[in-house]
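Student: This one is data31.txt, compact mmCIF, C-alpha atoms and all ligand atoms.
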```txt
# COMPACT_ATOMS: atom_id res chain seq x y z
CA MET A 1 -35.77 -8.14 -12.12
CA SER A 2 -36.70 -8.51 -8.43
CA ALA A 3 -36.47 -5.52 -6.09
CA PHE A 4 -32.88 -5.13 -4.94
CA THR A 5 -32.80 -5.52 -1.15
CA PRO A 6 -29.18 -6.06 -0.13
CA THR A 7 -29.84 -4.99 3.43
CA LEU A 8 -32.55 -3.58 5.67
CA ALA A 9 -34.34 -0.74 3.88
CA SER A 10 -33.18 1.93 6.31
CA PHE A 11 -29.55 0.84 5.83
CA SER A 12 -29.71 0.52 2.05
CA LEU A 13 -27.51 2.74 -0.11
CA ALA A 14 -29.42 1.96 -3.31
CA GLY A 15 -29.72 5.14 -5.37
CA LYS A 16 -26.77 6.77 -3.57
CA MET A 17 -23.46 7.74 -5.12
CA ALA A 18 -20.48 7.63 -2.79
CA VAL A 19 -16.98 9.02 -3.19
CA ILE A 20 -14.28 7.40 -1.08
CA THR A 21 -10.73 8.71 -0.75
CA GLY A 22 -8.00 6.15 -0.12
CA GLY A 23 -10.27 3.38 -1.38
CA ALA A 24 -7.67 1.43 -3.36
CA ARG A 25 -6.52 -0.75 -0.48
CA GLY A 26 -6.79 -1.44 3.25
CA LEU A 27 -9.79 -0.14 5.17
CA GLY A 28 -10.86 2.07 2.27
CA LEU A 29 -11.04 -0.93 -0.04
CA ALA A 30 -13.05 -2.95 2.49
CA MET A 31 -15.44 0.01 2.86
CA SER A 32 -15.64 0.37 -0.93
CA LYS A 33 -16.80 -3.24 -1.21
CA ALA A 34 -19.34 -2.76 1.54
CA LEU A 35 -20.70 0.44 -0.05
CA VAL A 36 -21.21 -1.32 -3.39
CA LEU A 37 -22.72 -4.43 -1.80
CA SER A 38 -25.23 -2.14 -0.11
CA GLY A 39 -26.25 -0.75 -3.48
CA ALA A 40 -24.28 2.50 -3.89
CA ASP A 41 -22.52 3.61 -7.05
CA LEU A 42 -18.92 4.41 -6.16
CA ALA A 43 -15.95 6.57 -7.13
CA ILE A 44 -12.62 5.54 -5.62
CA VAL A 45 -10.17 8.44 -5.38
CA ASP A 46 -6.60 7.46 -4.55
CA LEU A 47 -2.93 8.33 -5.07
CA ASN A 48 -2.57 4.85 -6.53
CA LYS A 49 -4.89 5.03 -9.53
CA PRO A 50 -3.70 1.77 -11.16
CA GLU A 51 -4.60 -0.15 -7.99
CA ALA A 52 -7.91 1.72 -7.67
CA THR A 53 -8.73 0.83 -11.27
CA LYS A 54 -7.89 -2.83 -10.68
CA GLN A 55 -10.15 -2.86 -7.63
CA THR A 56 -13.13 -1.35 -9.49
CA LYS A 57 -13.20 -4.48 -11.65
CA ALA A 58 -12.70 -6.82 -8.69
CA ILE A 59 -15.55 -5.14 -6.77
CA ALA A 60 -17.87 -5.27 -9.79
CA ASP A 61 -17.07 -8.99 -10.24
CA MET A 62 -17.76 -9.60 -6.56
CA PHE A 63 -21.12 -7.83 -6.82
CA GLN A 64 -22.08 -9.76 -9.95
CA GLN A 65 -21.27 -13.07 -8.28
CA LYS A 66 -23.33 -12.19 -5.24
CA TYR A 67 -26.28 -10.63 -7.07
CA PRO A 68 -26.22 -12.14 -10.60
CA ASN A 69 -29.61 -10.70 -11.59
CA GLN A 70 -29.05 -7.12 -10.44
CA ARG A 71 -27.63 -4.06 -12.14
CA VAL A 72 -23.95 -3.81 -11.25
CA PRO A 73 -23.33 -0.44 -9.57
CA ARG A 74 -21.19 2.01 -11.53
CA ILE A 75 -17.69 1.97 -10.01
CA THR A 76 -14.96 4.31 -11.21
CA ALA A 77 -11.36 5.11 -10.24
CA HIS A 78 -9.77 8.57 -10.08
CA TYR A 79 -6.39 10.03 -9.15
CA ALA A 80 -5.86 12.66 -6.47
CA ASP A 81 -3.33 13.51 -3.84
CA VAL A 82 -5.89 14.74 -1.30
CA SER A 83 -3.36 17.16 0.18
CA SER A 84 -3.53 19.18 -3.05
CA GLN A 85 -6.53 21.44 -3.44
CA SER A 86 -6.19 21.46 -7.22
CA ASP A 87 -6.04 17.64 -7.34
CA VAL A 88 -9.16 17.49 -5.18
CA ASP A 89 -11.04 19.89 -7.48
CA ALA A 90 -9.89 18.04 -10.60
CA SER A 91 -10.88 14.64 -9.19
CA ILE A 92 -14.37 15.86 -8.21
CA ALA A 93 -14.86 17.29 -11.70
CA GLN A 94 -13.78 13.95 -13.14
CA VAL A 95 -16.10 11.98 -10.86
CA LEU A 96 -18.99 14.12 -12.07
CA VAL A 97 -18.19 13.28 -15.68
CA SER A 98 -18.84 9.61 -14.85
CA HIS A 99 -21.65 9.99 -12.29
CA PRO A 100 -24.71 12.26 -12.36
CA LYS A 101 -24.43 13.30 -8.71
CA ILE A 102 -22.59 12.78 -5.41
CA THR A 103 -24.60 12.04 -2.25
CA ASN A 104 -22.06 10.47 0.12
CA LEU A 105 -18.42 10.97 1.04
CA VAL A 106 -16.01 8.79 3.01
CA THR A 107 -12.57 10.32 3.63
CA CYS A 108 -10.23 7.43 4.32
CA ALA A 109 -6.94 8.55 2.73
CA GLY A 110 -4.37 8.91 5.47
CA PHE A 111 -1.12 7.56 6.83
CA CYS A 112 0.91 7.25 9.99
CA GLU A 113 4.47 8.28 10.89
CA ASN A 114 5.98 6.10 13.56
CA SER A 115 8.75 8.32 14.85
CA THR A 116 9.63 9.80 18.18
CA ALA A 117 8.42 13.41 18.18
CA VAL A 118 11.87 14.93 18.55
CA ASP A 119 13.12 13.05 15.49
CA LEU A 120 10.34 13.75 12.99
CA PRO A 121 11.76 16.04 10.26
CA PRO A 122 9.77 19.16 9.24
CA ASP A 123 8.95 17.85 5.75
CA ARG A 124 7.33 14.74 7.29
CA VAL A 125 5.43 16.93 9.78
CA LYS A 126 4.04 18.98 6.90
CA ARG A 127 3.18 15.93 4.80
CA LEU A 128 1.34 14.12 7.61
CA LEU A 129 -0.81 17.13 8.46
CA ALA A 130 -1.36 17.90 4.78
CA VAL A 131 -2.73 14.44 3.97
CA ASN A 132 -4.60 13.55 7.16
CA VAL A 133 -6.01 16.97 8.10
CA GLU A 134 -5.92 19.25 5.04
CA GLY A 135 -6.89 16.35 2.76
CA THR A 136 -10.00 15.66 4.83
CA TYR A 137 -10.79 19.38 4.99
CA TYR A 138 -10.39 20.00 1.25
CA TYR A 139 -12.42 16.98 0.20
CA ALA A 140 -15.22 17.63 2.67
CA THR A 141 -15.54 21.34 2.01
CA ARG A 142 -15.44 20.93 -1.78
CA ILE A 143 -18.12 18.23 -1.71
CA ALA A 144 -20.20 20.19 0.80
CA LYS A 145 -20.11 23.26 -1.47
CA TYR A 146 -21.21 21.08 -4.39
CA MET A 147 -24.06 19.63 -2.29
CA MET A 148 -25.17 23.04 -0.96
CA GLU A 149 -25.29 24.56 -4.45
CA ARG A 150 -27.61 21.76 -5.58
CA GLY A 151 -29.64 21.33 -2.39
CA ILE A 152 -28.43 17.74 -1.95
CA ALA A 153 -28.95 16.29 1.55
CA GLY A 154 -25.75 14.29 1.86
CA ASN A 155 -23.86 12.19 4.36
CA MET A 156 -20.16 12.24 5.16
CA VAL A 157 -18.01 9.94 7.24
CA PHE A 158 -14.44 10.93 8.09
CA ILE A 159 -12.10 8.10 9.06
CA GLY A 160 -10.32 9.14 12.23
CA SER A 161 -8.67 6.70 14.62
CA ILE A 162 -8.89 5.50 18.18
CA SER A 163 -5.50 7.28 18.41
CA GLY A 164 -7.36 10.57 18.03
CA SER A 165 -8.93 10.00 21.45
CA ILE A 166 -6.39 8.00 23.42
CA VAL A 167 -2.63 7.48 23.37
CA ASN A 168 -1.74 3.90 22.58
CA VAL A 169 1.59 2.52 23.73
CA PRO A 170 4.32 1.70 22.86
CA GLN A 171 4.34 3.11 19.30
CA PRO A 172 5.60 6.72 19.10
CA GLN A 173 3.19 8.60 16.82
CA ALA A 174 2.31 11.85 18.57
CA LEU A 175 1.67 13.84 15.41
CA TYR A 176 -0.50 11.10 13.86
CA ASN A 177 -2.55 11.01 17.06
CA ALA A 178 -2.93 14.79 16.95
CA SER A 179 -3.90 14.68 13.26
CA LYS A 180 -6.66 12.17 13.99
CA ALA A 181 -7.88 14.24 16.94
CA ALA A 182 -8.13 17.12 14.46
CA VAL A 183 -10.14 14.96 12.04
CA ARG A 184 -12.52 13.98 14.83
CA HIS A 185 -13.12 17.57 15.93
CA LEU A 186 -13.36 18.76 12.34
CA ALA A 187 -16.21 16.28 11.85
CA ALA A 188 -18.00 17.55 14.96
CA SER A 189 -17.51 21.20 13.95
CA LEU A 190 -18.63 20.72 10.34
CA ALA A 191 -21.60 18.63 11.50
CA VAL A 192 -22.81 21.64 13.48
CA GLU A 193 -21.99 24.11 10.68
CA TRP A 194 -23.72 22.10 7.95
CA ALA A 195 -26.67 20.55 9.83
CA SER A 196 -29.00 23.33 8.68
CA ARG A 197 -27.97 22.59 5.06
CA GLY A 198 -28.99 18.93 5.37
CA ILE A 199 -25.44 17.58 5.33
CA ARG A 200 -24.68 15.07 8.05
CA VAL A 201 -21.04 14.58 9.13
CA ASN A 202 -19.69 11.88 11.41
CA CYS A 203 -16.28 10.53 12.31
CA LEU A 204 -15.56 6.82 12.57
CA SER A 205 -12.53 6.01 14.71
CA PRO A 206 -11.24 2.48 14.05
CA GLY A 207 -9.09 0.52 16.46
CA TYR A 208 -6.18 -1.52 15.13
CA MET A 209 -6.76 -3.18 11.76
CA LEU A 210 -4.34 -5.46 9.94
CA THR A 211 -3.60 -3.34 6.83
CA LYS A 212 -0.42 -2.11 5.12
CA ILE A 213 -0.24 0.81 7.60
CA ALA A 214 -0.29 -1.61 10.52
CA MET A 215 2.24 -3.93 8.90
CA SER A 216 4.79 -1.13 8.68
CA VAL A 217 5.05 -0.85 12.46
CA ARG A 218 6.05 -2.94 15.44
CA PRO A 219 5.31 -6.63 16.07
CA PHE A 220 3.37 -5.65 19.20
CA TYR A 221 1.05 -3.58 17.05
CA LEU A 222 0.58 -6.54 14.71
CA PHE A 223 -0.24 -8.78 17.66
CA ILE A 224 -3.04 -6.46 18.79
CA THR A 225 -4.28 -6.02 15.26
CA SER A 226 -4.51 -9.68 14.36
CA SER A 227 -6.52 -10.44 17.47
CA SER A 228 -9.31 -8.03 16.51
CA LEU A 229 -11.43 -9.93 14.01
CA ILE A 230 -14.64 -8.46 15.33
CA ARG A 231 -13.62 -4.79 14.96
CA PRO A 232 -14.05 -4.42 11.17
CA ILE A 233 -17.59 -5.77 11.45
CA ILE A 234 -18.50 -3.22 14.12
CA CYS A 235 -16.89 -0.42 12.08
CA PHE A 236 -18.84 -1.26 8.95
CA LEU A 237 -22.12 -1.48 10.82
CA ILE A 238 -21.48 2.01 12.21
CA LEU A 239 -20.43 3.26 8.76
CA PHE A 240 -23.81 2.22 7.32
CA LEU A 241 -25.66 3.68 10.22
CA PHE A 242 -24.02 7.03 9.44
CA LEU A 243 -24.38 6.86 5.65
CA SER A 244 -27.89 5.47 5.48
CA ASN A 245 -31.29 7.11 5.39
CA LEU A 246 -31.93 7.06 9.11
CA PRO A 247 -33.62 10.22 10.38
CA ARG A 248 -31.28 13.17 10.69
CA ARG A 249 -32.64 14.59 13.92
N1 LIG B 301 -5.10 0.23 9.93
C1 LIG B 301 -5.39 0.66 11.14
O1 LIG B 301 -5.12 0.02 12.15
C2 LIG B 301 -6.10 2.00 11.30
C3 LIG B 301 -6.61 2.32 12.55
C4 LIG B 301 -7.27 3.54 12.72
C5 LIG B 301 -7.40 4.41 11.65
N2 LIG B 301 -6.88 4.07 10.46
C6 LIG B 301 -7.06 5.05 9.37
O2 LIG B 301 -7.77 4.45 8.31
C7 LIG B 301 -7.33 5.01 7.07
C8 LIG B 301 -6.89 3.89 6.13
O3 LIG B 301 -5.86 3.17 6.76
P1 LIG B 301 -5.32 1.80 6.15
O4 LIG B 301 -4.76 1.03 7.28
O5 LIG B 301 -6.35 1.18 5.29
O6 LIG B 301 -4.11 2.37 5.24
P2 LIG B 301 -3.46 1.82 3.90
O7 LIG B 301 -2.11 2.43 3.83
O8 LIG B 301 -3.59 0.35 3.76
O9 LIG B 301 -4.38 2.51 2.76
C9 LIG B 301 -4.40 3.89 2.60
C10 LIG B 301 -4.90 4.24 1.20
O10 LIG B 301 -4.92 5.67 1.11
C11 LIG B 301 -4.23 6.07 -0.06
N3 LIG B 301 -3.60 7.37 0.18
C12 LIG B 301 -2.59 7.65 1.04
N4 LIG B 301 -2.25 8.94 0.96
C13 LIG B 301 -3.06 9.50 0.03
C14 LIG B 301 -3.18 10.81 -0.52
N5 LIG B 301 -2.36 11.81 -0.13
N6 LIG B 301 -4.14 11.04 -1.44
C15 LIG B 301 -4.95 10.03 -1.86
N7 LIG B 301 -4.87 8.76 -1.40
C16 LIG B 301 -3.93 8.51 -0.48
C17 LIG B 301 -3.19 4.99 -0.32
O11 LIG B 301 -2.76 4.96 -1.67
C18 LIG B 301 -3.98 3.74 0.09
O12 LIG B 301 -4.74 3.23 -0.99
C19 LIG B 301 -6.22 6.00 7.41
O13 LIG B 301 -6.76 7.30 7.48
C20 LIG B 301 -5.76 5.54 8.78
O14 LIG B 301 -5.20 6.59 9.52
C21 LIG B 301 -6.24 2.90 10.24
```
Can the structure from this file be put into structure tokens for me?
Ligand SMILES: NC(=O)c1ccc[n+]([C@@H]2O[C@H](COP(=O)([O-])OP(=O)(O)OC[C@H]3O[C@@H](n4cnc5c(N)ncnc54)[C@H](O)[C@@H]3O)[C@@H](O)[C@H]2O)c1

Tutor:
Amino acid sequence: MSAFTPTLASFSLAGKMAVITGGARGLGLAMSKALVLSGADLAIVDLNKPEATKQTKAIADMFQQKYPNQRVPRITAHYADVSSQSDVDASIAQVLVSHPKITNLVTCAGFCENSTAVDLPPDRVKRLLAVNVEGTYYYATRIAKYMMERGIAGNMVFIGSISGSIVNVPQPQALYNASKAAVRHLAASLAVEWASRGIRVNCLSPGYMLTKIAMSVRPFYLFITSSSLIRPIICFLILFLFLSNLPRR
């Protein structure tokens, strides 16, 4: 078997094992494919386990077609509602039954509420913050604890949003914007807290992407989204920059 060189050596994820939340569809699925094509083993953690399971096979087939003579990375699917601490713990335990270690984390599970602020009911407020903010917090802190206990120098990428830095118009989504601002600042804060433990944390803030989230909102949003073919490519290049072996300091 020839040496597996899917990408430049410093960007390669060969020998890494990545967990991605929300990897069953949309941006998470696209990132899952990219992680595997760069050589990482992968665990997809999602609310929709049947879809995640279906995608593990599709990703493995894609890899085999592209690199017929290489070992197909180990790809597994797991259930968790990331807003539940006990689900998060159970899913990590399950991932570790199938994989010897975890070196990388991408937190992509999240959703948007398009509602004027005065009309958003309290249960939807709680749910949005629980998934987007608490879900990122639980997953990151649990994996960081696991890495610290084993002295693993790991990399994490949180998926924020351009809406965490600016206010796009006309869609009303104040709480979503605030939740993504929280994700962005959580990444910065944890990066500082965990740097001395060898754990690197970054936040990637995508612009509009044509996924199921985007299709649930206004035609104007769709118009912007469909005109942005170049954005996913830029996002994935940045994702690999953050997850790869480039020097930490
Ligand atoms: N699509 C965009 O334009 C865009 C732009 C900026 C940021 N984002 C962010 O990117 C991420 C993915 O967005 P997308 O457009 O691919 O969404 P999507 O709805 O297509 O996919 C989201 C995935 O996350 C999973 N998920 C949702 N809630 C979950 C939970 N509580 N626990 C576990 N899994 C859960 C879903 O089952 C689904 O597989 C989100 O965090 C979103 O805020 C999206």

Student: Rounded to one decimal, what separation in Å do you get between CA of Ile59 in chain A and atom C14 of ligand LIG 301 (chain B)?

Tutor: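 One can read the CA of Ile59 in chain A to atom C14 of ligand LIG 301 (chain B) distance as 21.1 Å.
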
Student: Write out as a VMD selection string each polymer residue (protein, DNA or RNA) that has an atom no more than 6 Å from ligand LIG 301 (chain B), with only C-alpha atoms and all ligand atoms counted.

Tutor: chain A and resid 21 to 28 46 to 48 80 to 83 108 to 111 131 159 to 161 206 to 214

Student: Let me see the file: selected residues, C-alpha atoms, as an mmCIF file, in the coordinates of the input.

Tutor:
```
data_model
loop_
_atom_site.group_PDB
_atom_site.id
_atom_site.type_symbol
_atom_site.label_atom_id
_atom_site.label_comp_id
_atom_site.auth_asym_id
_atom_site.auth_seq_id
_atom_site.Cartn_x
_atom_site.Cartn_y
_atom_site.Cartn_z
ATOM 1 C CA THR A 21 -10.730 8.710 -0.750
ATOM 2 C CA GLY A 22 -8.000 6.150 -0.120
ATOM 3 C CA GLY A 23 -10.270 3.380 -1.380
ATOM 4 C CA ALA A 24 -7.670 1.430 -3.360
ATOM 5 C CA ARG A 25 -6.520 -0.750 -0.480
ATOM 6 C CA GLY A 26 -6.790 -1.440 3.250
ATOM 7 C CA LEU A 27 -9.790 -0.140 5.170
ATOM 8 C CA GLY A 28 -10.860 2.070 2.270
ATOM 9 C CA ASP A 46 -6.600 7.460 -4.550
ATOM 10 C CA LEU A 47 -2.930 8.330 -5.070
ATOM 11 C CA ASN A 48 -2.570 4.850 -6.530
ATOM 12 C CA ALA A 80 -5.860 12.660 -6.470
ATOM 13 C CA ASP A 81 -3.330 13.510 -3.840
ATOM 14 C CA VAL A 82 -5.890 14.740 -1.300
ATOM 15 C CA SER A 83 -3.360 17.160 0.180
ATOM 16 C CA CYS A 108 -10.230 7.430 4.320
ATOM 17 C CA ALA A 109 -6.940 8.550 2.730
ATOM 18 C CA GLY A 110 -4.370 8.910 5.470
ATOM 19 C CA PHE A 111 -1.120 7.560 6.830
ATOM 20 C CA VAL A 131 -2.730 14.440 3.970
ATOM 21 C CA ILE A 159 -12.100 8.100 9.060
ATOM 22 C CA GLY A 160 -10.320 9.140 12.230
ATOM 23 C CA SER A 161 -8.670 6.700 14.620
ATOM 24 C CA PRO A 206 -11.240 2.480 14.050
ATOM 25 C CA GLY A 207 -9.090 0.520 16.460
ATOM 26 C CA TYR A 208 -6.180 -1.520 15.130
ATOM 27 C CA MET A 209 -6.760 -3.180 11.760
ATOM 28 C CA LEU A 210 -4.340 -5.460 9.940
ATOM 29 C CA THR A 211 -3.600 -3.340 6.830
ATOM 30 C CA LYS A 212 -0.420 -2.110 5.120
ATOM 31 C CA ILE A 213 -0.240 0.810 7.600
ATOM 32 C CA ALA A 214 -0.290 -1.610 10.520
#
```

Student: Tell me which protein, DNA and RNA residues are within 10 Å of Trp194 in chain A, counting all atoms listed in the file, leaving out same-chain ones fewer than 6 positions away, and put them as a ChimeraX atom specification.

Tutor: /A:144,148,200-201

Student: Would you output that residue set with C-alpha atoms, as a PDB file, keeping the file's coordinate frame?

Tutor:
```pdb
ATOM      1  CA  ALA A 144     -20.200  20.190   0.800  1.00  0.00           C
ATOM      2  CA  MET A 148     -25.170  23.040  -0.960  1.00  0.00           C
ATOM      3  CA  ARG A 200     -24.680  15.070   8.050  1.00  0.00           C
ATOM      4  CA  VAL A 201     -21.040  14.580   9.130  1.00  0.00           C
TER       5      VAL A 201
END
```

Student: For CA of Ala188 in chain A and CA of Leu105 in chain A, determine how far apart the two atoms are, in Å to one decimal place.

Tutor: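 These two atoms are separated by 15.4 Å.
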
Student: Which of these residues is nearest to Ser38 in chain A, using all atoms listed in the file: A:Ser12, A:Thr107, A:Asn168, A:Ser163?

Tutor: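 That would be A:Ser12, the residue with the smallest distance to Ser38 in chain A.
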
Student: Find, counting all atoms listed in the file, the residue in A:Val157, A:Val36, A:Leu129, A:Ala58 that gets nearest to Val106 in chain A.

Tutor: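 Of A:Val157, A:Val36, A:Leu129, A:Ala58, the one nearest Val106 in chain A is A:Val157, counting all atoms listed in the file.
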
Student: What is the CA of Ala77 in chain A to CA of Ile44 in chain A distance in Å?

Tutor: 4.8 Å

Student: Within 12 Å of range 17-20 of chain A, which residues of range 93-202 of chain A come that close, and what is the closest atom pair and distance in Å for each? Count all atoms listed in the file and give it as JSON lines.

Tutor:
```
{"residue": "A:Gln94", "atom": "CA", "partner": "A:Val19", "partner_atom": "CA", "distance": 11.6}
{"residue": "A:Val95", "atom": "CA", "partner": "A:Val19", "partner_atom": "CA", "distance": 8.3}
{"residue": "A:Leu96", "atom": "CA", "partner": "A:Val19", "partner_atom": "CA", "distance": 10.4}
{"residue": "A:Ser98", "atom": "CA", "partner": "A:Met17", "partner_atom": "CA", "distance": 10.9}
{"residue": "A:His99", "atom": "CA", "partner": "A:Met17", "partner_atom": "CA", "distance": 7.7}
{"residue": "A:Pro100", "atom": "CA", "partner": "A:Met17", "partner_atom": "CA", "distance": 8.6}
{"residue": "A:Lys101", "atom": "CA", "partner": "A:Met17", "partner_atom": "CA", "distance": 6.7}
{"residue": "A:Ile102", "atom": "CA", "partner": "A:Met17", "partner_atom": "CA", "distance": 5.1}
{"residue": "A:Thr103", "atom": "CA", "partner": "A:Met17", "partner_atom": "CA", "distance": 5.3}
{"residue": "A:Asn104", "atom": "CA", "partner": "A:Ala18", "partner_atom": "CA", "distance": 4.4}
{"residue": "A:Leu105", "atom": "CA", "partner": "A:Val19", "partner_atom": "CA", "distance": 4.9}
{"residue": "A:Val106", "atom": "CA", "partner": "A:Ile20", "partner_atom": "CA", "distance": 4.7}
{"residue": "A:Thr107", "atom": "CA", "partner": "A:Ile20", "partner_atom": "CA", "distance": 5.8}
{"residue": "A:Cys108", "atom": "CA", "partner": "A:Ile20", "partner_atom": "CA", "distance": 6.8}
{"residue": "A:Ala109", "atom": "CA", "partner": "A:Ile20", "partner_atom": "CA", "distance": 8.3}
{"residue": "A:Gly110", "atom": "CA", "partner": "A:Ile20", "partner_atom": "CA", "distance": 12.0}
{"residue": "A:Thr136", "atom": "CA", "partner": "A:Ile20", "partner_atom": "CA", "distance": 11.0}
{"residue": "A:Tyr139", "atom": "CA", "partner": "A:Val19", "partner_atom": "CA", "distance": 9.8}
{"residue": "A:Ala140", "atom": "CA", "partner": "A:Val19", "partner_atom": "CA", "distance": 10.6}
{"residue": "A:Ile143", "atom": "CA", "partner": "A:Val19", "partner_atom": "CA", "distance": 9.4}
{"residue": "A:Ile152", "atom": "CA", "partner": "A:Met17", "partner_atom": "CA", "distance": 11.6}
{"residue": "A:Gly154", "atom": "CA", "partner": "A:Ala18", "partner_atom": "CA", "distance": 9.7}
{"residue": "A:Asn155", "atom": "CA", "partner": "A:Ala18", "partner_atom": "CA", "distance": 9.1}
{"residue": "A:Met156", "atom": "CA", "partner": "A:Ala18", "partner_atom": "CA", "distance": 9.2}
{"residue": "A:Val157", "atom": "CA", "partner": "A:Ile20", "partner_atom": "CA", "distance": 9.5}
{"residue": "A:Phe158", "atom": "CA", "partner": "A:Ile20", "partner_atom": "CA", "distance": 9.8}
{"residue": "A:Ile159", "atom": "CA", "partner": "A:Ile20", "partner_atom": "CA", "distance": 10.4}
```

Student: Point out the residue among A:Phe63, A:Tyr137, A:Tyr79, A:Tyr176 with the least atom-to-atom distance to Ala93 in chain A, counting only C-alpha atoms.

Tutor: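 Counting only C-alpha atoms, the residue closest to Ala93 in chain A is A:Tyr79.
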
Student: Find the residues near Gly164 in chain A: any atom within 9 Å, counting all atoms listed in the file, skip ones fewer than 4 places away on the same chain, and give them as a count of residues only.

Tutor: 11

Student: I need the residue nearest Gln70 in chain A from this list: A:Gln85, A:Pro6, A:Lys57, A:Glu149. Use all atoms listed in the file for the distance.

Tutor: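 Of A:Gln85, A:Pro6, A:Lys57, A:Glu149, the one nearest Gln70 in chain A is A:Pro6, counting all atoms listed in the file.
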
Student: Near Asp119 in chain A, within 12 Å and counting all atoms listed in the file, which residues show up once chain neighbours fewer than 5 positions away are dropped, as a list in words?

Tutor: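 Contacts, with the query itself left out: Glu113, Asn114, Arg124, Val125, Pro172, Gln173, Ala174 and Leu175 of chain A.
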